[in-house]
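Note: the block below is structure_11.pdb and it holds PDB, C-alpha atoms.
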ATOM      1  CA  MET T  40    -132.163-108.201   3.806  1.00  0.00           C
ATOM      2  CA  LYS T  41    -130.891-105.842   1.130  1.00  0.00           C
ATOM      3  CA  ILE T  42    -132.646-102.556   0.384  1.00  0.00           C
ATOM      4  CA  SER T  43    -131.721-100.643  -2.762  1.00  0.00           C
ATOM      5  CA  ILE T  44    -132.963 -97.087  -3.267  1.00  0.00           C
ATOM      6  CA  ILE T  45    -132.836 -95.400  -6.677  1.00  0.00           C
ATOM      7  CA  THR T  46    -132.946 -91.630  -6.268  1.00  0.00           C
ATOM      8  CA  LEU T  47    -131.925 -88.294  -7.766  1.00  0.00           C
ATOM      9  CA  PHE T  48    -130.945 -87.043  -4.294  1.00  0.00           C
ATOM     10  CA  PRO T  49    -128.793 -89.712  -2.620  1.00  0.00           C
ATOM     11  CA  GLU T  50    -127.379 -87.245  -0.083  1.00  0.00           C
ATOM     12  CA  VAL T  51    -130.680 -86.980   1.809  1.00  0.00           C
ATOM     13  CA  PHE T  52    -130.583 -90.609   2.949  1.00  0.00           C
ATOM     14  CA  ASP T  53    -127.288 -90.655   4.837  1.00  0.00           C
ATOM     15  CA  PRO T  54    -128.543 -88.986   8.068  1.00  0.00           C
ATOM     16  CA  ILE T  55    -131.584 -91.271   8.239  1.00  0.00           C
ATOM     17  CA  LEU T  56    -129.840 -94.563   7.462  1.00  0.00           C
ATOM     18  CA  ASN T  57    -127.069 -93.796   9.953  1.00  0.00           C
ATOM     19  CA  SER T  58    -129.350 -93.053  12.895  1.00  0.00           C
ATOM     20  CA  SER T  59    -131.339 -94.950  15.507  1.00  0.00           C
ATOM     21  CA  ILE T  60    -132.883 -98.317  14.644  1.00  0.00           C
ATOM     22  CA  LEU T  61    -131.731 -98.292  11.013  1.00  0.00           C
ATOM     23  CA  LYS T  62    -128.095 -97.834  12.000  1.00  0.00           C
ATOM     24  CA  ARG T  63    -128.419-100.538  14.639  1.00  0.00           C
ATOM     25  CA  ALA T  64    -129.971-102.946  12.125  1.00  0.00           C
ATOM     26  CA  ARG T  65    -127.096-102.389   9.702  1.00  0.00           C
ATOM     27  CA  ASN T  66    -124.497-102.813  12.451  1.00  0.00           C
ATOM     28  CA  LYS T  67    -126.137-106.133  13.342  1.00  0.00           C
ATOM     29  CA  SER T  68    -125.963-107.167   9.667  1.00  0.00           C
ATOM     30  CA  LYS T  69    -129.741-107.533   9.598  1.00  0.00           C
ATOM     31  CA  VAL T  70    -129.967-105.199   6.606  1.00  0.00           C
ATOM     32  CA  SER T  71    -127.705-103.615   4.005  1.00  0.00           C
ATOM     33  CA  PHE T  72    -128.479-100.409   2.145  1.00  0.00           C
ATOM     34  CA  GLU T  73    -127.565 -99.552  -1.421  1.00  0.00           C
ATOM     35  CA  ILE T  74    -128.144 -95.981  -2.598  1.00  0.00           C
ATOM     36  CA  ILE T  75    -128.128 -95.632  -6.382  1.00  0.00           C
ATOM     37  CA  ASN T  76    -127.860 -92.184  -7.953  1.00  0.00           C
ATOM     38  CA  LEU T  77    -130.194 -92.163 -10.965  1.00  0.00           C
ATOM     39  CA  ARG T  78    -128.179 -89.313 -12.467  1.00  0.00           C
ATOM     40  CA  ASP T  79    -125.238 -91.707 -12.942  1.00  0.00           C
ATOM     41  CA  PHE T  80    -127.266 -93.441 -15.654  1.00  0.00           C
ATOM     42  CA  GLY T  81    -128.442 -90.282 -17.398  1.00  0.00           C
ATOM     43  CA  GLU T  82    -127.775 -89.490 -21.034  1.00  0.00           C
ATOM     44  CA  GLY T  83    -125.224 -87.154 -22.550  1.00  0.00           C
ATOM     45  CA  LYS T  84    -122.961 -84.541 -21.048  1.00  0.00           C
ATOM     46  CA  HIS T  85    -125.631 -83.286 -18.672  1.00  0.00           C
ATOM     47  CA  LYS T  86    -126.781 -86.768 -17.545  1.00  0.00           C
ATOM     48  CA  ILE T  87    -130.391 -86.187 -18.596  1.00  0.00           C
ATOM     49  CA  VAL T  88    -132.899 -88.466 -16.847  1.00  0.00           C
ATOM     50  CA  ASP T  89    -136.224 -86.988 -18.006  1.00  0.00           C
ATOM     51  CA  ASP T  90    -137.991 -85.646 -21.088  1.00  0.00           C
ATOM     52  CA  ARG T  91    -141.188 -83.911 -22.177  1.00  0.00           C
ATOM     53  CA  PRO T  92    -144.367 -86.037 -22.162  1.00  0.00           C
ATOM     54  CA  TYR T  93    -145.786 -87.234 -25.465  1.00  0.00           C
ATOM     55  CA  GLY T  94    -149.135 -85.562 -26.085  1.00  0.00           C
ATOM     56  CA  GLY T  95    -148.079 -82.400 -24.278  1.00  0.00           C
ATOM     57  CA  GLY T  96    -148.765 -81.273 -20.752  1.00  0.00           C
ATOM     58  CA  ALA T  97    -146.970 -79.739 -17.826  1.00  0.00           C
ATOM     59  CA  GLY T  98    -143.932 -81.273 -16.185  1.00  0.00           C
ATOM     60  CA  MET T  99    -141.330 -83.805 -17.226  1.00  0.00           C
ATOM     61  CA  VAL T 100    -141.358 -87.617 -17.214  1.00  0.00           C
ATOM     62  CA  LEU T 101    -138.562 -89.915 -16.016  1.00  0.00           C
ATOM     63  CA  LYS T 102    -137.149 -91.855 -18.962  1.00  0.00           C
ATOM     64  CA  PRO T 103    -137.723 -95.640 -19.030  1.00  0.00           C
ATOM     65  CA  ASP T 104    -134.306 -96.532 -20.449  1.00  0.00           C
ATOM     66  CA  VAL T 105    -132.471 -94.539 -17.770  1.00  0.00           C
ATOM     67  CA  LEU T 106    -134.500 -96.184 -15.003  1.00  0.00           C
ATOM     68  CA  ALA T 107    -133.959 -99.639 -16.520  1.00  0.00           C
ATOM     69  CA  ARG T 108    -130.179 -99.181 -16.498  1.00  0.00           C
ATOM     70  CA  ALA T 109    -130.279 -98.136 -12.840  1.00  0.00           C
ATOM     71  CA  VAL T 110    -132.375-101.155 -11.867  1.00  0.00           C
ATOM     72  CA  LYS T 111    -130.087-103.582 -13.698  1.00  0.00           C
ATOM     73  CA  ASN T 112    -127.118-102.045 -11.909  1.00  0.00           C
ATOM     74  CA  SER T 113    -128.622-102.984  -8.551  1.00  0.00           C
ATOM     75  CA  LYS T 114    -128.146-106.681  -9.370  1.00  0.00           C
ATOM     76  CA  PHE T 115    -131.860-107.333  -9.036  1.00  0.00           C
ATOM     77  CA  GLU T 116    -131.527-111.095  -9.268  1.00  0.00           C
ATOM     78  CA  ILE T 117    -132.518-112.395  -5.855  1.00  0.00           C
ATOM     79  CA  ARG T 118    -135.575-114.628  -6.132  1.00  0.00           C
ATOM     80  CA  ASN T 119    -137.407-113.322  -3.059  1.00  0.00           C
ATOM     81  CA  SER T 120    -137.479-109.692  -4.171  1.00  0.00           C
ATOM     82  CA  LYS T 121    -139.780-106.834  -5.184  1.00  0.00           C
ATOM     83  CA  LEU T 122    -139.451-103.489  -6.910  1.00  0.00           C
ATOM     84  CA  ILE T 123    -141.774-100.745  -5.720  1.00  0.00           C
ATOM     85  CA  LEU T 124    -142.282 -97.252  -7.097  1.00  0.00           C
ATOM     86  CA  MET T 125    -143.157 -94.407  -4.754  1.00  0.00           C
ATOM     87  CA  SER T 126    -146.054 -92.661  -6.486  1.00  0.00           C
ATOM     88  CA  ALA T 127    -148.900 -90.372  -5.440  1.00  0.00           C
ATOM     89  CA  SER T 128    -151.170 -92.525  -7.622  1.00  0.00           C
ATOM     90  CA  GLY T 129    -150.094 -95.773  -5.981  1.00  0.00           C
ATOM     91  CA  LYS T 130    -152.046 -97.934  -3.556  1.00  0.00           C
ATOM     92  CA  PRO T 131    -152.168 -96.745   0.083  1.00  0.00           C
ATOM     93  CA  TYR T 132    -149.381 -98.172   2.229  1.00  0.00           C
ATOM     94  CA  LYS T 133    -150.500-100.114   5.317  1.00  0.00           C
ATOM     95  CA  GLN T 134    -148.901-101.914   8.258  1.00  0.00           C
ATOM     96  CA  ASN T 135    -149.680-105.248   6.634  1.00  0.00           C
ATOM     97  CA  ASP T 136    -147.617-104.142   3.644  1.00  0.00           C
ATOM     98  CA  ALA T 137    -144.682-103.375   5.939  1.00  0.00           C
ATOM     99  CA  ARG T 138    -144.895-106.875   7.424  1.00  0.00           C
ATOM    100  CA  ARG T 139    -145.083-108.460   3.988  1.00  0.00           C
ATOM    101  CA  LEU T 140    -142.118-106.509   2.639  1.00  0.00           C
ATOM    102  CA  SER T 141    -140.028-107.240   5.750  1.00  0.00           C
ATOM    103  CA  LYS T 142    -139.953-110.911   4.698  1.00  0.00           C
ATOM    104  CA  LEU T 143    -138.173-110.165   1.411  1.00  0.00           C
ATOM    105  CA  ASP T 144    -134.498-110.786   0.734  1.00  0.00           C
ATOM    106  CA  HIS T 145    -134.199-107.769  -1.582  1.00  0.00           C
ATOM    107  CA  LEU T 146    -136.360-104.665  -1.835  1.00  0.00           C
ATOM    108  CA  ILE T 147    -135.756-102.030  -4.513  1.00  0.00           C
ATOM    109  CA  ILE T 148    -137.435 -98.650  -4.039  1.00  0.00           C
ATOM    110  CA  ILE T 149    -137.615 -96.081  -6.836  1.00  0.00           C
ATOM    111  CA  CYS T 150    -138.170 -92.490  -5.774  1.00  0.00           C
ATOM    112  CA  GLY T 151    -140.542 -90.958  -8.319  1.00  0.00           C
ATOM    113  CA  HIS T 152    -140.084 -87.355  -9.438  1.00  0.00           C
ATOM    114  CA  TYR T 153    -141.427 -84.667 -11.737  1.00  0.00           C
ATOM    115  CA  GLU T 154    -144.686 -85.478 -13.507  1.00  0.00           C
ATOM    116  CA  GLY T 155    -144.169 -89.216 -13.187  1.00  0.00           C
ATOM    117  CA  VAL T 156    -142.524 -92.276 -14.726  1.00  0.00           C
ATOM    118  CA  ASP T 157    -142.881 -93.637 -18.256  1.00  0.00           C
ATOM    119  CA  GLN T 158    -145.681 -96.228 -18.148  1.00  0.00           C
ATOM    120  CA  ARG T 159    -143.658 -98.743 -20.150  1.00  0.00           C
ATOM    121  CA  PHE T 160    -141.057 -98.941 -17.406  1.00  0.00           C
ATOM    122  CA  ILE T 161    -143.800 -99.458 -14.825  1.00  0.00           C
ATOM    123  CA  GLU T 162    -145.316-102.304 -16.829  1.00  0.00           C
ATOM    124  CA  ASN T 163    -141.971-104.021 -17.426  1.00  0.00           C
ATOM    125  CA  TYR T 164    -140.257-103.603 -14.065  1.00  0.00           C
ATOM    126  CA  VAL T 165    -142.473-102.375 -11.216  1.00  0.00           C
ATOM    127  CA  ASP T 166    -144.208-104.876  -8.941  1.00  0.00           C
ATOM    128  CA  GLU T 167    -146.166-102.305  -6.924  1.00  0.00           C
ATOM    129  CA  GLU T 168    -146.876 -98.563  -7.001  1.00  0.00           C
ATOM    130  CA  VAL T 169    -147.121 -97.323  -3.423  1.00  0.00           C
ATOM    131  CA  SER T 170    -148.412 -94.105  -1.854  1.00  0.00           C
ATOM    132  CA  ILE T 171    -148.036 -93.036   1.790  1.00  0.00           C
ATOM    133  CA  GLY T 172    -151.056 -90.741   1.700  1.00  0.00           C
ATOM    134  CA  ASP T 173    -153.535 -88.763  -0.344  1.00  0.00           C
ATOM    135  CA  TYR T 174    -151.290 -85.783  -0.964  1.00  0.00           C
ATOM    136  CA  VAL T 175    -148.459 -84.860  -3.321  1.00  0.00           C
ATOM    137  CA  LEU T 176    -144.828 -84.363  -2.295  1.00  0.00           C
ATOM    138  CA  THR T 177    -141.907 -82.933  -4.244  1.00  0.00           C
ATOM    139  CA  GLY T 178    -140.411 -86.371  -4.726  1.00  0.00           C
ATOM    140  CA  GLY T 179    -140.349 -89.949  -3.524  1.00  0.00           C
ATOM    141  CA  GLU T 180    -137.417 -89.635  -1.119  1.00  0.00           C
ATOM    142  CA  ILE T 181    -139.426 -88.972   2.042  1.00  0.00           C
ATOM    143  CA  PRO T 182    -141.963 -91.725   1.227  1.00  0.00           C
ATOM    144  CA  ALA T 183    -139.043 -94.104   0.588  1.00  0.00           C
ATOM    145  CA  MET T 184    -137.684 -93.314   4.055  1.00  0.00           C
ATOM    146  CA  VAL T 185    -141.093 -94.139   5.513  1.00  0.00           C
ATOM    147  CA  ILE T 186    -141.091 -97.517   3.782  1.00  0.00           C
ATOM    148  CA  VAL T 187    -137.543 -98.328   4.886  1.00  0.00           C
ATOM    149  CA  ASP T 188    -138.152 -97.407   8.524  1.00  0.00           C
ATOM    150  CA  SER T 189    -141.443 -99.288   8.764  1.00  0.00           C
ATOM    151  CA  VAL T 190    -139.975-102.418   7.143  1.00  0.00           C
ATOM    152  CA  VAL T 191    -136.586-102.662   8.864  1.00  0.00           C
ATOM    153  CA  ARG T 192    -137.972-102.435  12.402  1.00  0.00           C
ATOM    154  CA  LEU T 193    -140.033-105.574  11.678  1.00  0.00           C
ATOM    155  CA  ILE T 194    -137.047-107.707  10.658  1.00  0.00           C
ATOM    156  CA  PRO T 195    -136.485-110.325  13.387  1.00  0.00           C
ATOM    157  CA  GLY T 196    -133.656-109.357  15.705  1.00  0.00           C
ATOM    158  CA  VAL T 197    -133.676-105.631  14.921  1.00  0.00           C
ATOM    159  CA  LEU T 198    -135.692-104.485  17.947  1.00  0.00           C
ATOM    160  CA  LYS T 199    -134.578-105.543  21.415  1.00  0.00           C
ATOM    161  CA  LYS T 200    -138.160-106.426  22.343  1.00  0.00           C
ATOM    162  CA  GLU T 201    -139.770-107.872  19.232  1.00  0.00           C
ATOM    163  CA  GLU T 202    -143.104-108.276  21.019  1.00  0.00           C
ATOM    164  CA  ALA T 203    -143.342-104.461  20.968  1.00  0.00           C
ATOM    165  CA  THR T 204    -144.455-104.642  17.342  1.00  0.00           C
ATOM    166  CA  GLU T 205    -147.333-106.981  18.173  1.00  0.00           C
ATOM    167  CA  GLU T 206    -149.371-104.451  20.192  1.00  0.00           C
ATOM    168  CA  GLU T 207    -148.765-101.362  18.083  1.00  0.00           C
ATOM    169  CA  SER T 208    -151.403 -99.357  16.289  1.00  0.00           C
ATOM    170  CA  PHE T 209    -152.768-101.171  13.225  1.00  0.00           C
ATOM    171  CA  SER T 210    -151.156-104.511  14.159  1.00  0.00           C
ATOM    172  CA  ALA T 211    -154.530-105.812  15.346  1.00  0.00           C
ATOM    173  CA  GLY T 212    -156.570-103.480  13.167  1.00  0.00           C
ATOM    174  CA  LEU T 213    -157.095-100.918  15.949  1.00  0.00           C
ATOM    175  CA  LEU T 214    -155.205 -97.917  17.281  1.00  0.00           C
ATOM    176  CA  GLU T 215    -152.972 -98.612  20.239  1.00  0.00           C
ATOM    177  CA  TYR T 216    -154.181 -97.918  23.791  1.00  0.00           C
ATOM    178  CA  PRO T 217    -152.947 -94.818  25.747  1.00  0.00           C
ATOM    179  CA  HIS T 218    -149.603 -95.010  27.564  1.00  0.00           C
ATOM    180  CA  TYR T 219    -148.501 -93.586  30.916  1.00  0.00           C
ATOM    181  CA  THR T 220    -145.185 -93.335  32.757  1.00  0.00           C
ATOM    182  CA  ARG T 221    -143.717 -91.534  35.771  1.00  0.00           C
ATOM    183  CA  PRO T 222    -144.484 -89.204  37.467  1.00  0.00           C
ATOM    184  CA  GLU T 223    -147.656 -90.754  38.851  1.00  0.00           C
ATOM    185  CA  VAL T 224    -149.294 -87.299  39.009  1.00  0.00           C
ATOM    186  CA  PHE T 225    -148.683 -84.743  36.242  1.00  0.00           C
ATOM    187  CA  GLU T 226    -150.302 -81.277  36.387  1.00  0.00           C
ATOM    188  CA  GLY T 227    -153.103 -82.633  38.522  1.00  0.00           C
ATOM    189  CA  LYS T 228    -153.793 -85.688  36.370  1.00  0.00           C
ATOM    190  CA  LYS T 229    -153.186 -89.148  37.824  1.00  0.00           C
ATOM    191  CA  VAL T 230    -152.250 -92.403  36.126  1.00  0.00           C
ATOM    192  CA  PRO T 231    -155.338 -94.677  35.867  1.00  0.00           C
ATOM    193  CA  LYS T 232    -155.544 -96.841  39.006  1.00  0.00           C
ATOM    194  CA  VAL T 233    -155.827-100.079  37.064  1.00  0.00           C
ATOM    195  CA  LEU T 234    -152.307 -99.608  35.678  1.00  0.00           C
ATOM    196  CA  LEU T 235    -150.963 -99.462  39.241  1.00  0.00           C
ATOM    197  CA  SER T 236    -152.905-102.498  40.434  1.00  0.00           C
ATOM    198  CA  GLY T 237    -150.563-105.231  39.243  1.00  0.00           C
ATOM    199  CA  ASN T 238    -153.621-107.139  37.989  1.00  0.00           C
ATOM    200  CA  HIS T 239    -152.489-108.155  34.506  1.00  0.00           C
ATOM    201  CA  GLY T 240    -155.903-109.439  33.506  1.00  0.00           C
ATOM    202  CA  ALA T 241    -157.592-106.187  34.458  1.00  0.00           C
ATOM    203  CA  ILE T 242    -154.861-104.192  32.725  1.00  0.00           C
ATOM    204  CA  ALA T 243    -155.266-106.194  29.514  1.00  0.00           C
ATOM    205  CA  LYS T 244    -159.026-105.628  29.601  1.00  0.00           C
ATOM    206  CA  TRP T 245    -158.575-101.892  30.210  1.00  0.00           C
ATOM    207  CA  ARG T 246    -156.118-101.596  27.348  1.00  0.00           C
ATOM    208  CA  SER T 247    -158.439-103.462  25.003  1.00  0.00           C
ATOM    209  CA  GLU T 248    -161.353-101.196  25.905  1.00  0.00           C
ATOM    210  CA  LYS T 249    -159.278 -98.031  25.539  1.00  0.00           C
ATOM    211  CA  SER T 250    -157.929 -99.207  22.186  1.00  0.00           C
ATOM    212  CA  LEU T 251    -161.476 -99.667  20.928  1.00  0.00           C
ATOM    213  CA  GLN T 252    -162.601 -96.284  22.294  1.00  0.00           C
ATOM    214  CA  LYS T 253    -159.634 -94.477  20.744  1.00  0.00           C
ATOM    215  CA  THR T 254    -160.200 -96.111  17.365  1.00  0.00           C
ATOM    216  CA  LYS T 255    -163.905 -95.262  17.447  1.00  0.00           C
ATOM    217  CA  LYS T 256    -163.115 -91.622  18.204  1.00  0.00           C
ATOM    218  CA  ILE T 257    -160.141 -91.018  15.859  1.00  0.00           C
ATOM    219  CA  ARG T 258    -160.344 -93.665  13.119  1.00  0.00           C
ATOM    220  CA  PRO T 259    -163.891 -95.092  12.990  1.00  0.00           C
ATOM    221  CA  ASP T 260    -163.164 -96.217   9.415  1.00  0.00           C
ATOM    222  CA  LEU T 261    -160.905 -98.945  10.816  1.00  0.00           C
ATOM    223  CA  LEU T 262    -163.811-100.543  12.698  1.00  0.00           C
ATOM    224  CA  LYS T 263    -165.592-101.235   9.407  1.00  0.00           C
ATOM    225  CA  LYS T 264    -162.732-103.481   8.358  1.00  0.00           C
ATOM    226  CA  ILE T 265    -162.797-105.645  11.479  1.00  0.00           C
TER
END
Could you spell out this file's structure in structure tokens?
Amino acid sequence: MKISIITLFPEVFDPILNSSILKRARNKSKVSFEIINLRDFGEGKHKIVDDRPYGGGAGMVLKPDVLARAVKNSKFEIRNSKLILMSASGKPYKQNDARRLSKLDHLIIICGHYEGVDQRFIENYVDEEVSIGDYVLTGGEIPAMVIVDSVVRLIPGVLKKEEATEEESFSAGLLEYPHYTRPEVFEGKKVPKVLLSGNHGAIAKWRSEKSLQKTKKIRPDLLKKI
């Protein structure tokens, strides 16, 4: 899989892409990363990438022609591909989206900035506008990192134990059950006896019940979708 990221701040991605699971995935040749500096396609001496909005208003808008040149530079020609724009006004990002995107051959992510992106570029190039939550950030770099991390870990062969992704929160529509490890007693609290029993059927039942209880307490909205 190839992931291209178009950004005004390419330097912020290096520590993330060269750490942990993402670094391991690249070393295994499961994924390749391409960081494209939008400023390289800016106009004039000062490499301008934005301009004032027509109709007035606060903030600046990323120029459609500059963005188009950056996208074309990424060799966006693979058939099984998508271009997504990180935007506070985009659709909420879910685990199912991560699974869907992990099956692509090429994913291009544009990090939005300023007041937004010219609508004509969105209509001509963007497949999906995506938001990671109902709040506004300075730019799309952090949301892009969220997308990359959530997608890459689902690519077959990236994680040592791929079945780990099957029982995670949201994979079955519920939050994941509580976890325990050694020591058996911590500050007076013991590990639930059923987890020490060796009875896999009883453990599975306990985990299912706890998953439901946790979801009901913390995210009851998820139960309405099941």
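The set of residues that the PyMOL selection byres ((chain T and resi 163) around 12) takes from this file is T:Pro103, T:Asp104, T:Leu106, T:Ala107, T:Val110, T:Leu122, T:Asp157, T:Gln158, T:Arg159, T:Phe160, T:Ile161, T:Glu162, T:Tyr164, T:Val165, T:Asp166, T:Glu167.
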Take the residues from that selection and put them in a file with C-alpha atoms, as a tab-separated table (two decimals), in the frame of the given file.
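Below you can see result-v3.tsv, which holds the result:
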chain	number	residue	atom	x	y	z
T	103	PRO	CA	-137.72	-95.64	-19.03
T	104	ASP	CA	-134.31	-96.53	-20.45
T	106	LEU	CA	-134.50	-96.18	-15.00
T	107	ALA	CA	-133.96	-99.64	-16.52
T	110	VAL	CA	-132.38	-101.16	-11.87
T	122	LEU	CA	-139.45	-103.49	-6.91
T	157	ASP	CA	-142.88	-93.64	-18.26
T	158	GLN	CA	-145.68	-96.23	-18.15
T	159	ARG	CA	-143.66	-98.74	-20.15
T	160	PHE	CA	-141.06	-98.94	-17.41
T	161	ILE	CA	-143.80	-99.46	-14.82
T	162	GLU	CA	-145.32	-102.30	-16.83
T	164	TYR	CA	-140.26	-103.60	-14.06
T	165	VAL	CA	-142.47	-102.38	-11.22
T	166	ASP	CA	-144.21	-104.88	-8.94
T	167	GLU	CA	-146.17	-102.30	-6.92
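Distance annotation: of T:Ile149, T:Ile117, T:Val105, T:Ala64, the residue with the minimal separation from T:Ser43 is T:Ile149; atom set is only C-alpha atoms.
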- What gap, in Å, lies between atom CA of T:Asp79 and atom CA of T:Ala183? 19.5 Å
- Task: Considering all atoms listed in the file, state which residue in the set T:Glu73, T:Asp136, T:Glu180, T:Glu168 is at the smallest distance from T:Cys150.
- Result: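 Among T:Glu73, T:Asp136, T:Glu180, T:Glu168, it is T:Glu180 that comes nearest to T:Cys150.
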- Task: Extract, using all atoms listed in the file, all DNA, RNA and protein residues at most 8 Å from T:Ala127, discarding same-chain residues fewer than 6 positions from it, and format them as a count of residues only.
- Result: 8
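For the pair atom CA of T:His218 and atom CA of T:Lys199, the interatomic distance is 19.4 Å.
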- Between atom CA of T:Ile74 and atom CA of T:Pro49, what is the distance, to one decimal in Å? 6.3 Å
Per-residue nearest contacts of stretch 173-226 of chain T to stretch 242-263 of chain T (7 Å; only C-alpha atoms) as CSV:
residue,atom,partner,partner_atom,distance
T:Gly212,CA,T:Leu261,CA,6.7
T:Leu213,CA,T:Thr254,CA,5.9
T:Leu214,CA,T:Thr254,CA,5.3
T:Glu215,CA,T:Ser250,CA,5.4
T:Tyr216,CA,T:Ser250,CA,4.3
- Residue with smallest distance to T:Ser126 - pool T:Ile181, T:Ala241, T:Val70, T:Met99, counting only C-alpha atoms: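 Answer, going by the shortest atom-to-atom distance: T:Ile181.
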- Query: Between T:Pro54, T:Gly96, T:Gly179, T:Pro217, which has the minimum distance to T:Val230 (counting all atoms listed in the file)?
  - Reply: T:Pro217
- Query: Which residue, T:Val233, T:Met125, T:Leu193, T:Val88, has the smallest gap to T:Leu140 when you use all atoms listed in the file?
  - Reply: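 Of the candidates, the smallest distance to T:Leu140 is held by T:Leu193.
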- Message: Going by the chain IDs and residue numbers used in this file, which residues fall under the PyMOL selection byres ((chain T and resi 53) around 12)? Write them as a list in words.
- Response: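 Against this file, the PyMOL selection byres ((chain T and resi 53) around 12) returns the residues Ile44, Phe48, Pro49, Glu50, Val51, Phe52, Pro54, Ile55, Leu56, Asn57, Ser58, Leu61, Lys62, Phe72, Glu73, Ile74, Glu180 and Met184 of chain T.
Residues matched by the PyMOL selection byres ((chain T and resi 69) around 9) in this file are Met40, Lys41, Arg63, Ala64, Arg65, Asn66, Lys67, Ser68, Val70, Ser71, Val191, Ile194, Pro195, Gly196 and Val197 of chain T.
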- Query: Quick one: residues within 9 Å of T:Leu47, all atoms listed in the file counted, chain neighbours fewer than 6 positions away excluded, as an MDAnalysis selection string?
  - Reply: chainID T and resid 75:78 150 152 180
- Message: I'd like to know which of T:Asn135, T:Thr46, T:Ser120, T:Ser59 is closest to T:Leu101, using all atoms listed in the file.
- Response: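 Ranked by minimum distance to T:Leu101, first place goes to T:Thr46.
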